Structure formats: structure tokens, C-alpha cells
file final-v9.cif (mmCIF, C-alpha atoms)
data_start
#
loop_
_atom_site.label_atom_id
_atom_site.label_comp_id
_atom_site.auth_asym_id
_atom_site.auth_seq_id
_atom_site.Cartn_x
_atom_site.Cartn_y
_atom_site.Cartn_z
CA HIS A 1 -2.13 -13.96 17.48
CA ILE A 2 -2.41 -10.53 15.89
CA SER A 3 -0.05 -7.57 16.08
CA VAL A 4 -1.52 -4.22 15.11
CA ALA A 5 1.16 -1.92 13.65
CA VAL A 6 0.60 1.85 13.75
CA PRO A 7 3.04 4.62 12.73
CA ALA A 8 2.26 7.85 14.57
CA LEU A 9 3.38 11.43 14.02
CA ASP A 10 1.41 14.15 15.83
CA GLU A 11 -1.51 11.79 16.49
CA LEU A 12 -2.38 12.68 20.09
CA ALA A 13 -5.86 13.79 19.00
CA THR A 14 -6.62 10.75 16.82
CA MET A 15 -5.03 7.89 18.77
CA PRO A 16 -7.78 7.64 21.45
CA LYS A 17 -10.33 6.78 18.74
CA LEU A 18 -8.15 3.94 17.49
CA ILE A 19 -7.59 2.70 21.06
CA ASP A 20 -11.35 2.78 21.64
CA CYS A 21 -11.88 0.67 18.50
CA LEU A 22 -9.33 -1.86 19.75
CA ARG A 23 -10.94 -2.03 23.20
CA LYS A 24 -14.24 -3.00 21.56
CA GLN A 25 -12.80 -5.89 19.52
CA THR A 26 -14.49 -9.26 19.93
CA TYR A 27 -11.12 -10.91 19.20
CA ASP A 28 -8.77 -10.07 22.06
CA ARG A 29 -5.58 -12.00 21.27
CA PHE A 30 -3.69 -9.01 19.94
CA ALA A 31 -0.89 -6.61 20.78
CA LEU A 32 -0.55 -3.00 19.67
CA TYR A 33 2.77 -1.73 18.33
CA VAL A 34 3.13 2.03 17.79
CA CYS A 35 6.15 3.79 16.29
CA VAL A 36 6.02 7.42 17.45
CA ASN A 37 8.34 9.29 15.13
CA ASN A 38 9.69 12.63 13.95
CA PRO A 39 13.02 13.93 12.63
CA ASP A 40 15.50 14.61 15.42
CA ALA A 41 16.17 18.04 13.95
CA TRP A 42 12.64 19.12 14.88
CA TRP A 43 13.78 19.57 18.47
CA ASN A 44 15.84 22.56 17.27
CA ASP A 45 13.24 23.87 14.82
CA SER A 46 10.95 26.53 16.28
CA GLY A 47 8.28 25.67 13.73
CA LYS A 48 8.32 21.94 14.49
CA VAL A 49 9.28 21.59 18.14
CA ALA A 50 5.62 21.68 19.21
CA VAL A 51 4.99 18.51 17.17
CA ALA A 52 7.99 16.81 18.79
CA ARG A 53 6.60 17.71 22.23
CA ALA A 54 3.16 16.44 21.25
CA ASN A 55 4.79 13.14 20.26
CA MET A 56 6.30 12.88 23.74
CA ALA A 57 2.83 13.41 25.22
CA LEU A 58 1.53 10.69 22.89
CA MET A 59 4.16 8.29 24.21
CA ASP A 60 3.11 9.09 27.77
CA TYR A 61 -0.52 8.39 26.82
CA LEU A 62 0.35 5.05 25.22
CA ASN A 63 2.64 3.94 28.03
CA ALA A 64 -0.13 4.60 30.57
CA ILE A 65 -2.53 2.15 28.89
CA ASP A 66 -2.84 -0.86 31.17
CA ASP A 67 -5.75 -2.84 29.73
CA MET A 68 -4.05 -4.08 26.55
CA ASP A 69 -0.60 -5.16 25.39
CA VAL A 70 1.08 -2.02 24.02
CA ALA A 71 4.65 -1.71 22.74
CA VAL A 72 5.90 1.80 21.97
CA ILE A 73 8.87 2.33 19.66
CA ASP A 74 10.52 5.65 20.46
CA CYS A 75 11.70 7.34 17.28
CA CYS A 76 10.85 10.85 18.45
CA SER A 77 12.61 11.85 21.67
CA LYS A 78 15.84 13.85 21.59
CA GLY A 79 18.62 11.73 20.15
CA LYS A 80 16.22 9.01 18.93
CA GLY A 81 14.42 10.78 16.09
CA TRP A 82 15.06 10.28 12.39
CA VAL A 83 18.43 11.38 11.05
CA GLY A 84 19.40 11.74 7.39
CA LYS A 85 17.45 9.72 4.84
CA ARG A 86 15.97 7.43 7.49
CA ARG A 87 12.66 9.19 8.04
CA GLY A 88 9.00 9.11 7.22
CA VAL A 89 6.16 6.62 7.32
CA GLY A 90 8.06 4.04 5.27
CA TRP A 91 10.78 3.76 7.91
CA ALA A 92 8.19 3.77 10.69
CA ARG A 93 6.38 0.83 9.10
CA LYS A 94 9.67 -1.02 8.62
CA MET A 95 10.58 -0.53 12.30
CA LEU A 96 7.16 -1.86 13.30
CA PHE A 97 6.99 -4.86 10.98
CA ASP A 98 10.58 -5.95 11.62
CA ARG A 99 10.17 -5.77 15.38
CA ILE A 100 6.89 -7.67 15.32
CA VAL A 101 8.42 -10.50 13.30
CA ALA A 102 11.50 -10.57 15.55
CA GLU A 103 9.47 -10.67 18.77
CA ARG A 104 6.38 -12.64 17.76
CA GLY A 105 7.69 -15.10 15.19
CA SER A 106 6.54 -16.35 11.81
CA HIS A 107 3.04 -17.43 12.90
CA GLU A 108 1.97 -13.87 13.75
CA LEU A 109 -0.64 -12.02 11.72
CA VAL A 110 0.30 -8.36 11.13
CA VAL A 111 -2.51 -5.82 10.80
CA SER A 112 -1.22 -2.55 9.38
CA MET A 113 -3.09 0.57 10.47
CA ASP A 114 -2.87 4.34 10.53
CA ALA A 115 -3.57 6.23 13.71
CA ASP A 116 -6.55 8.04 12.19
CA THR A 117 -8.31 4.86 10.98
CA VAL A 118 -11.45 3.51 12.64
CA PHE A 119 -13.12 0.10 12.34
CA GLY A 120 -15.89 -2.02 13.80
CA ALA A 121 -15.81 -4.41 16.74
CA ASN A 122 -15.48 -7.54 14.54
CA TYR A 123 -12.60 -6.32 12.38
CA LEU A 124 -9.77 -8.38 13.91
CA GLN A 125 -11.96 -11.47 13.99
CA SER A 126 -12.81 -10.94 10.32
CA VAL A 127 -9.17 -10.92 9.16
CA ILE A 128 -8.41 -14.04 11.23
CA ASP A 129 -11.39 -15.76 9.61
CA ALA A 130 -10.34 -14.67 6.11
CA MET A 131 -6.78 -15.93 6.52
CA ASN A 132 -7.94 -19.22 8.04
CA ALA A 133 -10.42 -19.78 5.21
CA ASP A 134 -7.68 -19.88 2.54
CA ASN A 135 -4.18 -21.00 3.46
CA SER A 136 -2.83 -19.80 0.10
CA ILE A 137 -3.37 -16.14 1.05
CA SER A 138 -0.21 -14.21 1.89
CA ALA A 139 -1.92 -10.85 2.41
CA ILE A 140 -5.26 -9.07 2.33
CA ALA A 141 -5.85 -5.65 0.79
CA VAL A 142 -8.75 -4.85 3.11
CA PRO A 143 -11.87 -3.13 1.73
CA TYR A 144 -12.11 0.49 2.82
CA TYR A 145 -14.24 3.62 2.73
CA HIS A 146 -12.65 6.97 3.53
CA GLN A 147 -14.34 8.98 6.22
CA LEU A 148 -16.12 12.05 4.85
CA GLU A 149 -14.69 14.99 6.76
CA GLY A 150 -14.52 18.73 6.25
CA GLY A 151 -16.60 20.80 3.88
CA ASP A 152 -18.31 19.97 0.61
CA ASP A 153 -15.20 20.57 -1.48
CA GLU A 154 -13.11 18.18 0.63
CA CYS A 155 -15.82 15.51 0.52
CA ARG A 156 -16.18 15.80 -3.26
CA SER A 157 -12.40 15.58 -3.59
CA ILE A 158 -12.01 12.39 -1.57
CA LEU A 159 -15.02 10.80 -3.27
CA ARG A 160 -13.56 11.58 -6.71
CA TYR A 161 -10.21 10.09 -5.64
CA GLU A 162 -11.84 6.99 -4.17
CA ILE A 163 -13.98 6.45 -7.29
CA TYR A 164 -10.78 6.65 -9.32
CA MET A 165 -9.13 4.00 -7.13
CA ARG A 166 -12.15 1.70 -7.38
CA TYR A 167 -12.34 2.17 -11.15
CA TYR A 168 -8.66 1.24 -11.49
CA LEU A 169 -9.12 -1.81 -9.26
CA HIS A 170 -12.17 -3.07 -11.13
CA GLN A 171 -10.44 -2.70 -14.49
CA LEU A 172 -7.56 -4.85 -13.20
CA ILE A 173 -10.04 -7.42 -11.87
CA ARG A 174 -11.81 -7.44 -15.25
CA ILE A 175 -8.63 -8.28 -17.19
CA GLY A 176 -7.54 -10.89 -14.62
CA SER A 177 -4.44 -9.05 -13.40
CA PRO A 178 -2.63 -10.60 -10.40
CA TYR A 179 -2.04 -7.01 -9.24
CA ALA A 180 -5.71 -6.24 -8.74
CA PHE A 181 -5.61 -4.65 -5.31
CA SER A 182 -5.62 -1.20 -3.71
CA ALA A 183 -2.62 -0.75 -1.42
CA LEU A 184 -3.33 1.44 1.61
CA GLY A 185 -1.04 1.33 4.62
CA SER A 186 -4.14 1.61 6.81
CA ALA A 187 -5.75 -1.43 5.17
CA MET A 188 -3.15 -4.19 4.89
CA VAL A 189 -3.01 -7.58 6.61
CA PHE A 190 -0.28 -10.17 6.06
CA SER A 191 1.38 -13.11 7.73
CA ALA A 192 4.77 -12.64 9.34
CA LYS A 193 5.98 -15.68 7.41
CA ALA A 194 5.07 -14.07 4.08
CA TYR A 195 6.71 -10.82 5.18
CA GLY A 196 9.96 -12.63 5.87
CA SER A 197 9.81 -14.55 2.60
CA VAL A 198 9.69 -11.35 0.50
CA GLY A 199 12.55 -9.70 2.37
CA GLY A 200 10.46 -7.17 4.26
CA ILE A 201 9.32 -3.70 3.31
CA THR A 202 11.33 -1.15 1.34
CA PRO A 203 11.22 2.04 3.47
CA LEU A 204 10.29 4.70 0.92
CA GLN A 205 8.93 8.20 1.55
CA GLY A 206 5.72 7.09 -0.14
CA GLY A 207 4.39 4.09 -2.04
CA GLU A 208 6.01 1.61 0.34
CA ASP A 209 2.63 -0.04 0.91
CA PHE A 210 2.18 -0.61 -2.84
CA TYR A 211 5.60 -2.15 -3.29
CA LEU A 212 5.12 -4.47 -0.30
CA MET A 213 1.77 -5.72 -1.58
CA GLN A 214 3.28 -6.19 -5.03
CA LYS A 215 5.95 -8.41 -3.47
CA PHE A 216 3.21 -10.51 -1.88
CA ALA A 217 1.42 -10.78 -5.24
CA LYS A 218 4.61 -12.01 -6.91
CA THR A 219 5.35 -14.69 -4.33
CA GLY A 220 1.88 -15.73 -3.20
CA LYS A 221 -1.71 -14.50 -3.28
CA VAL A 222 -3.20 -11.15 -2.32
CA SER A 223 -6.90 -11.27 -1.47
CA ILE A 224 -9.20 -8.26 -1.75
CA TYR A 225 -12.08 -9.90 0.13
CA ASN A 226 -12.89 -9.44 3.79
CA SER A 227 -16.21 -9.36 5.61
CA ARG A 228 -15.40 -6.10 7.42
CA CYS A 229 -14.04 -2.76 6.16
CA VAL A 230 -11.79 -0.12 7.63
CA TYR A 231 -12.45 3.61 7.48
CA PRO A 232 -9.28 5.67 6.92
CA SER A 233 -9.22 9.41 7.39
CA ALA A 234 -9.47 11.67 4.37
CA ARG A 235 -7.72 14.60 6.02
CA VAL A 236 -5.51 16.98 4.04
CA SER A 237 -1.84 16.15 4.52
CA ASP A 238 1.56 16.91 3.01
CA ARG A 239 3.47 14.27 4.99
CA VAL A 240 3.92 12.09 1.90
CA PRO A 241 4.49 13.15 -1.73
CA PHE A 242 1.42 11.29 -3.02
CA GLY A 243 -1.57 9.34 -1.79
CA THR A 244 -4.80 10.26 -0.03
CA GLY A 245 -3.58 13.33 1.86
CA PRO A 246 -2.14 15.18 -1.15
CA ALA A 247 -5.05 14.03 -3.35
CA VAL A 248 -7.58 15.76 -1.10
CA CYS A 249 -5.65 19.01 -1.57
CA LYS A 250 -6.38 18.96 -5.30
CA SER A 251 -9.37 20.52 -6.99
CA LEU A 252 -11.61 18.27 -9.08
CA GLU A 253 -9.99 19.71 -12.21
CA GLU A 254 -6.51 18.90 -10.87
CA GLN A 255 -7.64 15.40 -9.97
CA GLU A 256 -8.87 14.82 -13.50
CA ARG A 257 -5.33 15.50 -14.71
CA SER A 258 -3.53 13.59 -11.95
CA TYR A 259 -5.90 10.64 -11.58
CA PRO A 260 -7.58 10.06 -14.97
CA PHE A 261 -9.99 7.27 -15.74
CA TYR A 262 -7.80 5.44 -18.24
CA PRO A 263 -9.84 4.15 -21.20
CA THR A 264 -11.01 0.55 -21.07
CA ALA A 265 -9.27 -0.11 -24.39
CA ILE A 266 -5.86 0.49 -22.82
CA PHE A 267 -6.60 -1.97 -20.02
CA ASP A 268 -7.68 -4.44 -22.73
CA ARG A 269 -4.20 -4.21 -24.26
CA VAL A 270 -2.68 -5.11 -20.91
CA GLY A 271 -5.06 -8.07 -20.66
CA GLN A 272 -4.14 -9.19 -24.18
CA THR A 273 -0.46 -9.09 -23.23
CA PHE A 274 -1.04 -11.30 -20.20
CA ALA A 275 -3.11 -13.69 -22.34
CA ALA A 276 -0.15 -14.01 -24.72
CA PHE A 277 2.25 -15.37 -22.07
CA ASP A 278 1.18 -18.96 -22.72
CA GLY A 279 2.16 -18.74 -26.38
CA LEU A 280 5.40 -16.90 -25.63
CA TYR A 281 6.64 -20.04 -23.90
CA THR A 282 7.28 -21.62 -27.30
CA ALA A 283 8.13 -18.61 -29.49
CA ASP A 284 8.36 -14.83 -29.47
CA SER A 285 5.43 -12.83 -30.81
CA ASP A 286 4.39 -9.21 -30.62
CA THR A 287 2.04 -8.11 -27.85
CA PRO A 288 0.38 -4.71 -27.35
CA MET A 289 3.04 -3.93 -24.72
CA THR A 290 6.11 -5.19 -26.61
CA ASP A 291 7.46 -1.81 -27.75
CA PHE A 292 6.85 -0.28 -24.32
CA LEU A 293 8.56 -3.14 -22.48
CA GLN A 294 11.55 -3.03 -24.80
CA GLN A 295 11.94 0.67 -24.07
CA GLN A 296 11.48 0.28 -20.31
CA LEU A 297 13.74 -2.77 -19.94
CA LYS A 298 16.24 -1.57 -22.54
CA THR A 299 16.30 -4.88 -24.39
CA THR A 300 14.75 -6.45 -27.47
CA ASN A 301 15.18 -9.92 -25.96
CA LEU A 302 12.24 -9.90 -23.55
CA TRP A 303 11.23 -13.54 -23.26
CA GLN A 304 14.10 -15.85 -24.24
CA PRO A 305 15.99 -15.38 -20.92
CA LEU A 306 12.82 -16.39 -19.08
CA ARG A 307 12.37 -19.46 -21.30
CA ALA A 308 15.96 -20.44 -20.52
CA ASN A 309 15.46 -20.10 -16.77
CA TYR A 310 11.97 -21.60 -16.44
CA LYS A 311 11.54 -24.99 -18.11
CA ARG A 312 7.90 -25.47 -17.10
CA LYS A 313 5.20 -23.39 -18.75
CA GLU A 314 3.44 -22.42 -15.53
CA LEU A 315 6.70 -21.11 -14.05
CA PHE A 316 7.47 -19.22 -17.25
CA VAL A 317 4.01 -17.59 -17.27
CA ARG A 318 4.41 -16.56 -13.64
CA ALA A 319 7.84 -15.06 -14.42
CA CYS A 320 6.29 -13.06 -17.26
CA ALA A 321 3.65 -11.73 -14.88
CA GLU A 322 6.38 -10.75 -12.41
CA ARG A 323 8.14 -8.84 -15.17
CA VAL A 324 4.97 -7.03 -16.28
CA ASP A 325 4.05 -6.05 -12.74
CA GLY A 326 1.75 -3.45 -11.26
CA LEU A 327 4.25 -0.64 -11.73
CA ARG A 328 4.84 -1.55 -15.39
CA ILE A 329 1.09 -1.64 -15.96
CA LEU A 330 0.70 1.85 -14.50
CA GLN A 331 3.60 3.20 -16.54
CA TYR A 332 2.07 1.73 -19.70
CA LEU A 333 -1.33 3.25 -18.97
CA LYS A 334 0.25 6.64 -18.44
CA GLN A 335 2.26 6.40 -21.65
CA GLN A 336 -0.76 5.38 -23.70
CA TYR A 337 -3.05 8.01 -22.25
CA THR A 338 -2.66 10.80 -24.82
CA GLY A 339 -2.21 14.25 -23.35
CA TYR A 340 -1.34 13.00 -19.90
CA TYR A 341 2.01 11.23 -19.96
CA SER A 342 5.21 13.34 -20.01
CA ALA A 343 8.80 12.66 -19.06
CA GLU A 344 8.53 15.04 -16.12
CA ARG A 345 5.86 12.95 -14.39
CA SER A 346 7.00 10.39 -11.85
CA SER A 347 6.70 6.66 -12.50
CA THR A 348 5.81 5.96 -8.88
CA PRO A 349 2.61 3.98 -8.19
CA HIS A 350 0.62 6.77 -6.53
CA LEU A 351 -2.35 6.15 -8.81
CA ILE A 352 -2.93 2.66 -7.44
#
call {"tool": "encode", "arguments": {"input": "final-v9.cif", "output": "C-alpha cells"}}
result
Amino acid sequence: HISVAVPALDELATMPKLIDCLRKQTYDRFALYVCVNNPDAWWNDSGKVAVARANMALMDYLNAIDDMDVAVIDCCSKGKGWVGKRRGVGWARKMLFDRIVAERGSHELVVSMDADTVFGANYLQSVIDAMNADNSISAIAVPYYHQLEGGDDECRSILRYEIYMRYYLHQLIRIGSPYAFSALGSAMVFSAKAYGSVGGITPLQGGEDFYLMQKFAKTGKVSIYNSRCVYPSARVSDRVPFGTGPAVCKSLEEQERSYPFYPTAIFDRVGQTFAAFDGLYTADSDTPMTDFLQQQLKTTNLWQPLRANYKRKELFVRACAERVDGLRILQYLKQQYTGYYSAERSSTPHLI
């Protein structure tokens, strides 16, 4: 059984397209979970109250659907909206995923979506087939193509950003990184059992999808192969501090600074470091990332604690790969990329 998880804020215009895609699915053993959300303070904000009211209309629309199993999580009405630091898409996804696991159990397959994503009639069947074909898979980073919307400048912007993401992914594939995936909240599939085993999602204001997929990569296997794609929106948005929405706002010149095509030689150094893990099981040796890791981890004793804790080579190598994870790789690339890295720039994984 599949549960489709969708966070929704001011999505009354886009939700009918997603519902139409679900109605056309050839695989019909699914339920739809939607978390309609906004800060509670918006009810007293003249500039935001219209969005809060639109969210109430969205709940009415969803609750009136009678031809599919729909569960609506109310995080928008007066007294039920976000308060304090508990807000944003990260918390909405956490509410959705946690409730699905609690209600549906560990054998459920969770399909993470955004309300402005569209997909073909065989999409749900394709992810069931992919998971059934390989029992070692914990999650799928589903292939995607952003919808081309708006004028020429917007289309060029999203295409530049998507080419950057694909370039980054293919470089990680080339060097054999276990973190070779693109994490989009609209294009994630995972088993409820795997979700429970990694302790759930960390509800950040942005990047929560990356960190969740990284957890799956550390404890199991993340696949990037699926026979069907999803098509997320490329609309301009400031709801999150980084990601597709803010990227589309940037000019091509700004994107070149924010999302550079890191030289192949730097990726090679990461690959050489991973290739050295086997030898590090018996004795310390310098790797291209040694100085960087010592600075980041604030220790000169990088590998001996792992050798002490993991007596088998394969476990030691896996522990090394968990230490030099996707975030560390990105930080290293930024540091090595002359003219780009500075202390003021965030270390968050928005370039993945």
C-alpha cells in the first residue's frame, strides 16, 4: 500500500492538478495525506490572512473528495497553525511522515510529493515495481524534470539550475559516491520501515529532504533509477531559504556564483579519498581531504577511533563513508573552489 504525502500552503490553484494525476493512476491501492499549514499568526496579519483563508478553502476542497482515501492534517485553522520555531515545509513533512507510519505501519511505501508536482498515470505502479525489484533499496530519489513555466528568463534560469544539479549528480556517480542522488521533496519514495530505522526526518526550514535521504544512504541503499519521472514546478518562491524556488529568482550570472560547476579535478580528490579507506583500515595515511577533515572535525585523529570501534574492514570502510558524507563532500568542494568559498557562505546542502 502507498501513502502519498503532500505539504500544502496556499495551493488551492495547484492541488486539483495533483488530484487529477492521482485519479488517473493505474495502481489504486493508495491514500493521500495532505498537511495544510501556515503560521497561526497569519490570522492576525493583514498581509497574510488571505493565504490563511485560502488554506481553509483548500481543506474544504480536500474534505469533499469522495472517490479516494484522503486524510487532511489541519495545521492552518485558528489555534492550529504553526507557533514559534515549529513551522515550514520541514515540519509539514514530519507531521505527514510520522502520521503515515503511525497509522499504516512499517510495510507502507511513502511517496513524498509537492502540491504543484504532476506525473503520469503509471507513476505509483513504477515505484512499487522498483522497490519490489530490489529488496535492498531503502529509498528512491526519483528522476525528475522541472516544468518550464513563465517567460524566457525563468525557463533559462531553471534549466541552468537543473543542469547544475545533473552535473553534480553525474560527478558523484562517476567517482562512486554513496551519496550520488538529487534530493527533492517532490521526488522521494521510501519504505516506512526504513524511515523508522533512521529516526525520522529532521524538520528544518530547508534541506530536510537532503538530510533524510543522506540518512537512508548511510543505513541502506538509495536508488536513482525509476521507469517514470515526476515533473515539479519551477515557480519562483521565497518560502524556503534555498532550493528550486529561490534559484529561479537568480539571474544566470548569480547562478554561476551560487551554483558553480565544480572542476572535475576536485571531485577526483574526493574519489581518491574514498578509495583510500581500504588502506586506512591498517594504518593512517594522508588523503586529499585529510587537512580539510581535520579542520572540520577539529581532530588530527581521524581514523583510529573508527578502527577501534569496527573490527571488520567492510564495517570500517562504511563508517569512513558515513563520516565523509554528502554534506562534507559539498563543504570540501566549496572550500577548494577558488574565488567561491568564504566564511560567510552557509554550509547547508542547497547545491545538491
call {"tool": "resolve_selection", "arguments": {"input": "final-v9.cif", "expression": "the PyMOL selection byres ((chain A and resi 92-101) around 9)", "output": "PyMOL selection string"}}
result
chain A and resi 3+5-8+33-37+73+75+87-91+102-108+110+112+185+192-193+195-196+200-203+208
call {"tool": "write_last_selection", "arguments": {"input": "final-v9.cif", "atoms": "C-alpha atoms", "output": "short mmCIF file (atom, residue, chain, number, x, y, z; two decimals), keeping the file's coordinate frame"}}
result
data_model
loop_
_atom_site.label_atom_id
_atom_site.label_comp_id
_atom_site.auth_asym_id
_atom_site.auth_seq_id
_atom_site.Cartn_x
_atom_site.Cartn_y
_atom_site.Cartn_z
CA SER A 3 -0.05 -7.57 16.08
CA ALA A 5 1.16 -1.92 13.65
CA VAL A 6 0.60 1.85 13.75
CA PRO A 7 3.04 4.62 12.73
CA ALA A 8 2.26 7.85 14.57
CA TYR A 33 2.77 -1.73 18.33
CA VAL A 34 3.13 2.03 17.79
CA CYS A 35 6.15 3.79 16.29
CA VAL A 36 6.02 7.42 17.45
CA ASN A 37 8.34 9.29 15.13
CA ILE A 73 8.87 2.33 19.66
CA CYS A 75 11.70 7.34 17.28
CA ARG A 87 12.66 9.19 8.04
CA GLY A 88 9.00 9.11 7.22
CA VAL A 89 6.16 6.62 7.32
CA GLY A 90 8.06 4.04 5.27
CA TRP A 91 10.78 3.76 7.91
CA ALA A 102 11.50 -10.57 15.55
CA GLU A 103 9.47 -10.67 18.77
CA ARG A 104 6.38 -12.64 17.76
CA GLY A 105 7.69 -15.10 15.19
CA SER A 106 6.54 -16.35 11.81
CA HIS A 107 3.04 -17.43 12.90
CA GLU A 108 1.97 -13.87 13.75
CA VAL A 110 0.30 -8.36 11.13
CA SER A 112 -1.22 -2.55 9.38
CA GLY A 185 -1.04 1.33 4.62
CA ALA A 192 4.77 -12.64 9.34
CA LYS A 193 5.98 -15.68 7.41
CA TYR A 195 6.71 -10.82 5.18
CA GLY A 196 9.96 -12.63 5.87
CA GLY A 200 10.46 -7.17 4.26
CA ILE A 201 9.32 -3.70 3.31
CA THR A 202 11.33 -1.15 1.34
CA PRO A 203 11.22 2.04 3.47
CA GLU A 208 6.01 1.61 0.34
#
call {"tool": "residues_near_point", "arguments": {"input": "final-v9.cif", "point": "(-5.6, 3.1, -19.2)", "cutoff": "6 Å", "atoms": "only C-alpha atoms", "output": "PyMOL selection string"}}
result
chain A and resi 262-263+266-267+333
call {"tool": "write_last_selection", "arguments": {"input": "final-v9.cif", "atoms": "C-alpha atoms", "output": "PDB file, in the frame of the given file"}}
result
ATOM      1  CA  TYR A 262      -7.800   5.440 -18.240  1.00  0.00           C
ATOM      2  CA  PRO A 263      -9.840   4.150 -21.200  1.00  0.00           C
ATOM      3  CA  ILE A 266      -5.860   0.490 -22.820  1.00  0.00           C
ATOM      4  CA  PHE A 267      -6.600  -1.970 -20.020  1.00  0.00           C
ATOM      5  CA  LEU A 333      -1.330   3.250 -18.970  1.00  0.00           C
TER       6      LEU A 333
END
call {"tool": "resolve_selection", "arguments": {"input": "final-v9.cif", "expression": "the PyMOL selection byres ((chain A and resi 264) around 12)", "output": "PDB file with C-alpha atoms, keeping the file's coordinate frame"}}
result
ATOM      1  CA  TYR A 167     -12.340   2.170 -11.150  1.00  0.00           C
ATOM      2  CA  TYR A 168      -8.660   1.240 -11.490  1.00  0.00           C
ATOM      3  CA  HIS A 170     -12.170  -3.070 -11.130  1.00  0.00           C
ATOM      4  CA  GLN A 171     -10.440  -2.700 -14.490  1.00  0.00           C
ATOM      5  CA  LEU A 172      -7.560  -4.850 -13.200  1.00  0.00           C
ATOM      6  CA  ARG A 174     -11.810  -7.440 -15.250  1.00  0.00           C
ATOM      7  CA  ILE A 175      -8.630  -8.280 -17.190  1.00  0.00           C
ATOM      8  CA  PRO A 260      -7.580  10.060 -14.970  1.00  0.00           C
ATOM      9  CA  PHE A 261      -9.990   7.270 -15.740  1.00  0.00           C
ATOM     10  CA  TYR A 262      -7.800   5.440 -18.240  1.00  0.00           C
ATOM     11  CA  PRO A 263      -9.840   4.150 -21.200  1.00  0.00           C
ATOM     12  CA  ALA A 265      -9.270  -0.110 -24.390  1.00  0.00           C
ATOM     13  CA  ILE A 266      -5.860   0.490 -22.820  1.00  0.00           C
ATOM     14  CA  PHE A 267      -6.600  -1.970 -20.020  1.00  0.00           C
ATOM     15  CA  ASP A 268      -7.680  -4.440 -22.730  1.00  0.00           C
ATOM     16  CA  ARG A 269      -4.200  -4.210 -24.260  1.00  0.00           C
ATOM     17  CA  VAL A 270      -2.680  -5.110 -20.910  1.00  0.00           C
ATOM     18  CA  GLY A 271      -5.060  -8.070 -20.660  1.00  0.00           C
ATOM     19  CA  LEU A 333      -1.330   3.250 -18.970  1.00  0.00           C
ATOM     20  CA  GLN A 336      -0.760   5.380 -23.700  1.00  0.00           C
ATOM     21  CA  TYR A 337      -3.050   8.010 -22.250  1.00  0.00           C
TER      22      TYR A 337
END
call {"tool": "resolve_selection", "arguments": {"input": "final-v9.cif", "expression": "the PyMOL selection byres ((chain A and resi 159-163) around 9)", "output": "PyMOL selection string"}}
result
chain A and resi 145-146+148+154-158+164-168+244+247-248+252+255-256+259
call {"tool": "atom_distance", "arguments": {"input": "final-v9.cif", "atom1": "CA of Ala217 (chain A)", "atom2": "CA of Tyr179 (chain A)"}}
result
6.5 Å
call {"tool": "closest_residue", "arguments": {"input": "final-v9.cif", "among": "A:Tyr281, A:Phe316, A:Phe119, A:Tyr225", "to": "Ala180 (chain A)", "atoms": "all atoms listed in the file"}}
result
A:Tyr225
call {"tool": "atom_distance", "arguments": {"input": "final-v9.cif", "atom1": "CA of Leu302 (chain A)", "atom2": "CA of Glu322 (chain A)"}}
result
12.6 Å
call {"tool": "residues_near_point", "arguments": {"input": "final-v9.cif", "point": "(-18.9, -10.7, 12.7)", "cutoff": "8 Å", "atoms": "all atoms listed in the file", "output": "PyMOL selection string"}}
result
chain A and resi 122-123+125-126+227-228
call {"tool": "closest_residue", "arguments": {"input": "final-v9.cif", "among": "A:His1, A:Leu32, A:Pro39, A:Asp45", "to": "Asn63 (chain A)", "atoms": "all atoms listed in the file"}}
result
A:Leu32
call {"tool": "atom_distance", "arguments": {"input": "final-v9.cif", "atom1": "CA of Ala321 (chain A)", "atom2": "CA of Thr282 (chain A)"}}
result
16.3 Å
call {"tool": "closest_residue", "arguments": {"input": "final-v9.cif", "among": "A:Thr14, A:Ala319, A:Ile19, A:Trp82", "to": "Asp66 (chain A)", "atoms": "only C-alpha atoms"}}
result
A:Ile19
call {"tool": "residues_around", "arguments": {"input": "final-v9.cif", "residues": "region 305-313 of chain A", "least_positions_apart": "6", "cutoff": "10 Å", "atoms": "all atoms listed in the file", "output": "PyMOL selection string"}}
result
chain A and resi 277-283+319-320+323
call {"tool": "axis_aligned_box", "arguments": {"input": "final-v9.cif", "around": "region 263-282 of chain A", "padding_each_side": "8 Å", "output": "AutoDock Vina command-line options"}}
result
--center_x -1.9 --center_y -8.7 --center_z -23.7 --size_x 34.3 --size_y 41.8 --size_z 23.3
call {"tool": "closest_residue", "arguments": {"input": "final-v9.cif", "among": "A:Gln272, A:Thr117, A:Ser186, A:Asn38", "to": "Met56 (chain A)", "atoms": "only C-alpha atoms"}}
result
A:Asn38
call {"tool": "closest_residue", "arguments": {"input": "final-v9.cif", "among": "A:Met15, A:Ile329, A:Ala141, A:Val70", "to": "Asn226 (chain A)", "atoms": "only C-alpha atoms"}}
result
A:Ala141
call {"tool": "closest_residue", "arguments": {"input": "final-v9.cif", "among": "A:Leu330, A:Val83, A:Val4, A:Val189", "to": "Ile137 (chain A)", "atoms": "only C-alpha atoms"}}
result
A:Val189
call {"tool": "residues_around", "arguments": {"input": "final-v9.cif", "residues": "Thr219 (chain A)", "least_positions_apart": "5", "cutoff": "10 Å", "atoms": "all atoms listed in the file", "output": "PyMOL selection string"}}
result
chain A and resi 138+194+197-198+214+318+322
call {"tool": "residues_around", "arguments": {"input": "final-v9.cif", "residues": "Trp43 (chain A)", "least_positions_apart": "4", "cutoff": "7 Å", "atoms": "all atoms listed in the file", "output": "list of chain:residue names"}}
result
A:Val49, A:Ala52, A:Lys78
call {"tool": "write_last_selection", "arguments": {"input": "final-v9.cif", "atoms": "C-alpha atoms", "output": "short mmCIF file (atom, residue, chain, number, x, y, z; two decimals), keeping the file's coordinate frame"}}
result
data_model
loop_
_atom_site.label_atom_id
_atom_site.label_comp_id
_atom_site.auth_asym_id
_atom_site.auth_seq_id
_atom_site.Cartn_x
_atom_site.Cartn_y
_atom_site.Cartn_z
CA VAL A 49 9.28 21.59 18.14
CA ALA A 52 7.99 16.81 18.79
CA LYS A 78 15.84 13.85 21.59
#
